[in-house]
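**Student:** Below is the structure I would like to discuss, written out as structure tokens.
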Amino acid sequence: QAVALIAGQERLGRRLQLEVNLSGLSLTSPEVLATIKEELAQSAIDPACLTFEITETAAIVNIQKARSFAERIAQLGCGFALDDFGAGFGSFYYLKHLPFDVLKIDGEFVRNLTESVKDKLVVQSLARIATELGKKTVAEFVEDDATLELVRSYGVDFAQGFGIGRPQPVSEWLELEPLATKPAVNAS
């Protein structure tokens with residue numbers, strides 16, 4: 001469905017960038033990778049418009065499968081995001097061993113960012129580490145302007161949360177405004 005949405009927007013002269021959440025089971029399913037490869041080949045979309053996300057906890061279950069999946073996704077030209085980073089206990093191990101493009105900072109560290117010195121230090125550090133590794137960052141659970149300003153000041157690349165916009169069906173979102181004039185919320 002994501003490939004069809006991107007292709008449809010490309011036909012209208014618009015570039016749509018989508019992130020698709022995958023379950024931990026997807027990492028071990030040869031059918032998932034085969035389907036992705038087939039859909040990309042049939043559609044002729046730019047694979048860079050498609051990023052696949054797995055949660056850090058899904059990666060914990062089988063690091064080798066996660067790494068293999070991420071490498072294959074990269075070979076296809078798609079992005080790979082490590083979602084809810086910081087929720088697991090081996091976080092820095094995954095920074096070292098998983099070939100990801102985007103680090104999504106778990107909302108646990110963002111939710112009370114304006115009040116918590118510890119959360120500020122964690123978010124600043126993760127943003128700096130990701131930047132030094134050449135990765136993009138997303139702060140999850142950005143609920144207000146004060147939090148958005150803090151993540152901007154820390155060098156976080158993008159923000160997501162109810163303060164930015166509530167989830168809605170793609171069909172409604174596409175009707176709001178042409179995508180070419182509605183960029184992703186960039187925190188920096």
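As shown in the structure tokens, the chain order sets the letters A, B, ...; within each chain, residues go from 1, and ligands are also counted from 1 in the order they appear.
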Set out as CSV a contact list for region 45-116 of chain A and region 7-29 of chain A with a cut-off of 9 Å, giving each residue of region 45-116 of chain A that qualifies its closest atom pair and distance in Å to one decimal, counting only C-alpha atoms, ordered by chain and rising residue number.

**Tutor:**
residue,atom,partner,partner_atom,distance
A:Ile45,CA,A:Ala7,CA,5.9
A:Asp46,CA,A:Ala7,CA,8.9
A:Ala48,CA,A:Gln17,CA,7.9
A:Cys49,CA,A:Gln17,CA,4.5
A:Leu50,CA,A:Leu18,CA,5.2
A:Thr51,CA,A:Glu19,CA,4.6
A:Phe52,CA,A:Val20,CA,4.9
A:Glu53,CA,A:Asn21,CA,4.7
A:Ile54,CA,A:Leu22,CA,5.4
A:Thr55,CA,A:Gly24,CA,7.8
A:Thr57,CA,A:Gly24,CA,8.3
A:Ala58,CA,A:Gly24,CA,4.6
A:Ala59,CA,A:Gly24,CA,7.0
A:Val61,CA,A:Gly24,CA,7.7
A:Asn62,CA,A:Leu27,CA,8.6
A:Lys65,CA,A:Leu27,CA,6.0
A:Ala66,CA,A:Leu27,CA,5.9
A:Ser68,CA,A:Leu27,CA,8.4
A:Phe69,CA,A:Leu27,CA,6.0
A:Ala70,CA,A:Leu27,CA,8.8
A:Gly79,CA,A:Glu19,CA,8.6
A:Phe80,CA,A:Glu19,CA,8.8
A:Ala81,CA,A:Glu19,CA,8.4
A:Asp83,CA,A:Asn21,CA,8.7

**Student:** In Å, rounded to a single decimal, give me how far CA of Val102 (chain A) is from CA of Asp119 (chain A).

**Tutor:** 19.8 Å

**Student:** Pick from A:Thr114, A:Val3, A:Gly155, A:Gln75: nearest to Glu132 (chain A), with only C-alpha atoms counted?

**Tutor:**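 Under the stated criterion, the closest residue is A:Gly155.
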
**Student:** Could you check how far CA of Phe141 (chain A) sits from CA of Gly107 (chain A), in Å to one decimal?

**Tutor:**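 Separation between CA of Phe141 (chain A) and CA of Gly107 (chain A): 4.8 Å.
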
**Student:** Find the spatial neighbours of Thr137 (chain A), counting only C-alpha atoms, within a cut-off of 9 Å - ignore same-chain residues fewer than 2 positions away - and output them as a ChimeraX atom specification.

**Tutor:** /A:101-105,126-127,130-131,135,139,155-159

**Student:** Write out as a PyMOL selection string the set of residues from region 11-64 of chain A that DSSP, computed on the backbone, places in helix (DSSP H, G or I).

**Tutor:** chain A and resi 11+24-28+30-43+47-49+56-61+63-64

**Student:** Distance CA of Gln42 (chain A)-CA of Gln1 (chain A), one decimal place?

**Tutor:**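 Separation of CA of Gln42 (chain A) and CA of Gln1 (chain A): 12.9 Å.
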
**Student:** Just asking: which residues within chain A are strand (DSSP E or B) according to DSSP, as a ChimeraX atom specification?

**Tutor:** /A:18-21,50-55,79-85,102-105,136-139,158-159,186

**Student:** Export C-alpha atoms of the chosen residues as a CSV table (one decimal), in the first residue's frame?

**Tutor:**
chain,number,residue,atom,x,y,z
A,18,LEU,CA,6.8,7.2,4.0
A,19,GLU,CA,7.9,5.2,7.0
A,20,VAL,CA,6.4,1.8,7.4
A,21,ASN,CA,6.4,0.1,10.8
A,50,LEU,CA,10.5,4.4,1.7
A,51,THR,CA,11.9,3.8,5.1
A,52,PHE,CA,11.2,0.7,7.2
A,53,GLU,CA,11.0,1.0,11.0
A,54,ILE,CA,11.5,-1.7,13.6
A,55,THR,CA,11.4,-1.1,17.3
A,79,GLY,CA,15.9,3.5,4.5
A,80,PHE,CA,15.9,1.7,7.9
A,81,ALA,CA,14.9,3.3,11.1
A,82,LEU,CA,15.4,2.1,14.7
A,83,ASP,CA,12.2,3.1,16.4
A,84,ASP,CA,11.7,3.8,20.2
A,85,PHE,CA,15.4,4.0,20.8
A,102,VAL,CA,17.3,7.2,11.4
A,103,LEU,CA,17.3,7.1,15.2
A,104,LYS,CA,13.9,7.7,16.7
A,105,ILE,CA,14.3,8.8,20.3
A,136,LYS,CA,19.1,11.5,11.3
A,137,THR,CA,17.1,11.8,14.5
A,138,VAL,CA,13.4,12.0,15.3
A,139,ALA,CA,12.1,13.0,18.7
A,158,PHE,CA,12.6,15.9,13.1
A,159,ALA,CA,9.8,15.8,15.6
A,186,ASN,CA,11.8,19.5,10.6

**Student:** Considering only C-alpha atoms, return as a PyMOL selection string whatever protein or nucleic-acid residues lie within 12 Å of Gly165 (chain A), sequence-local ones (same chain, fewer than 5 positions apart) excluded.

**Tutor:** chain A and resi 140-144+159-160+173+184-185

**Student:** Take the residues from that selection and put them in a file with N, CA and C atoms, as a short mmCIF file (atom, residue, chain, number, x, y, z; two decimals), in the first residue's frame.

**Tutor:**
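So the final result, stored in part04.cif, reads:
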data_model
loop_
_atom_site.label_atom_id
_atom_site.label_comp_id
_atom_site.auth_asym_id
_atom_site.auth_seq_id
_atom_site.Cartn_x
_atom_site.Cartn_y
_atom_site.Cartn_z
N GLU A 140 10.27 11.54 19.39
CA GLU A 140 8.87 11.12 19.49
C GLU A 140 8.21 11.83 20.68
N PHE A 141 6.89 11.91 20.65
CA PHE A 141 6.09 12.42 21.76
C PHE A 141 6.31 13.92 22.01
N VAL A 142 6.49 14.70 20.95
CA VAL A 142 6.60 16.15 21.07
C VAL A 142 5.17 16.69 21.15
N GLU A 143 4.81 17.20 22.33
CA GLU A 143 3.43 17.58 22.59
C GLU A 143 3.19 19.08 22.64
N ASP A 144 4.23 19.90 22.65
CA ASP A 144 4.02 21.34 22.77
C ASP A 144 5.21 22.10 22.18
N ALA A 159 10.61 15.99 14.40
CA ALA A 159 9.80 15.76 15.59
C ALA A 159 8.48 15.12 15.17
N GLN A 160 7.94 14.31 16.08
CA GLN A 160 6.62 13.73 15.84
C GLN A 160 5.90 13.68 17.17
N TRP A 173 -5.35 12.98 4.98
CA TRP A 173 -4.13 13.77 4.99
C TRP A 173 -3.79 14.27 3.59
N ALA A 184 7.64 17.73 5.78
CA ALA A 184 7.67 17.10 7.10
C ALA A 184 8.09 18.13 8.13
N VAL A 185 7.66 17.95 9.35
CA VAL A 185 8.06 18.88 10.40
C VAL A 185 9.52 18.62 10.72
#
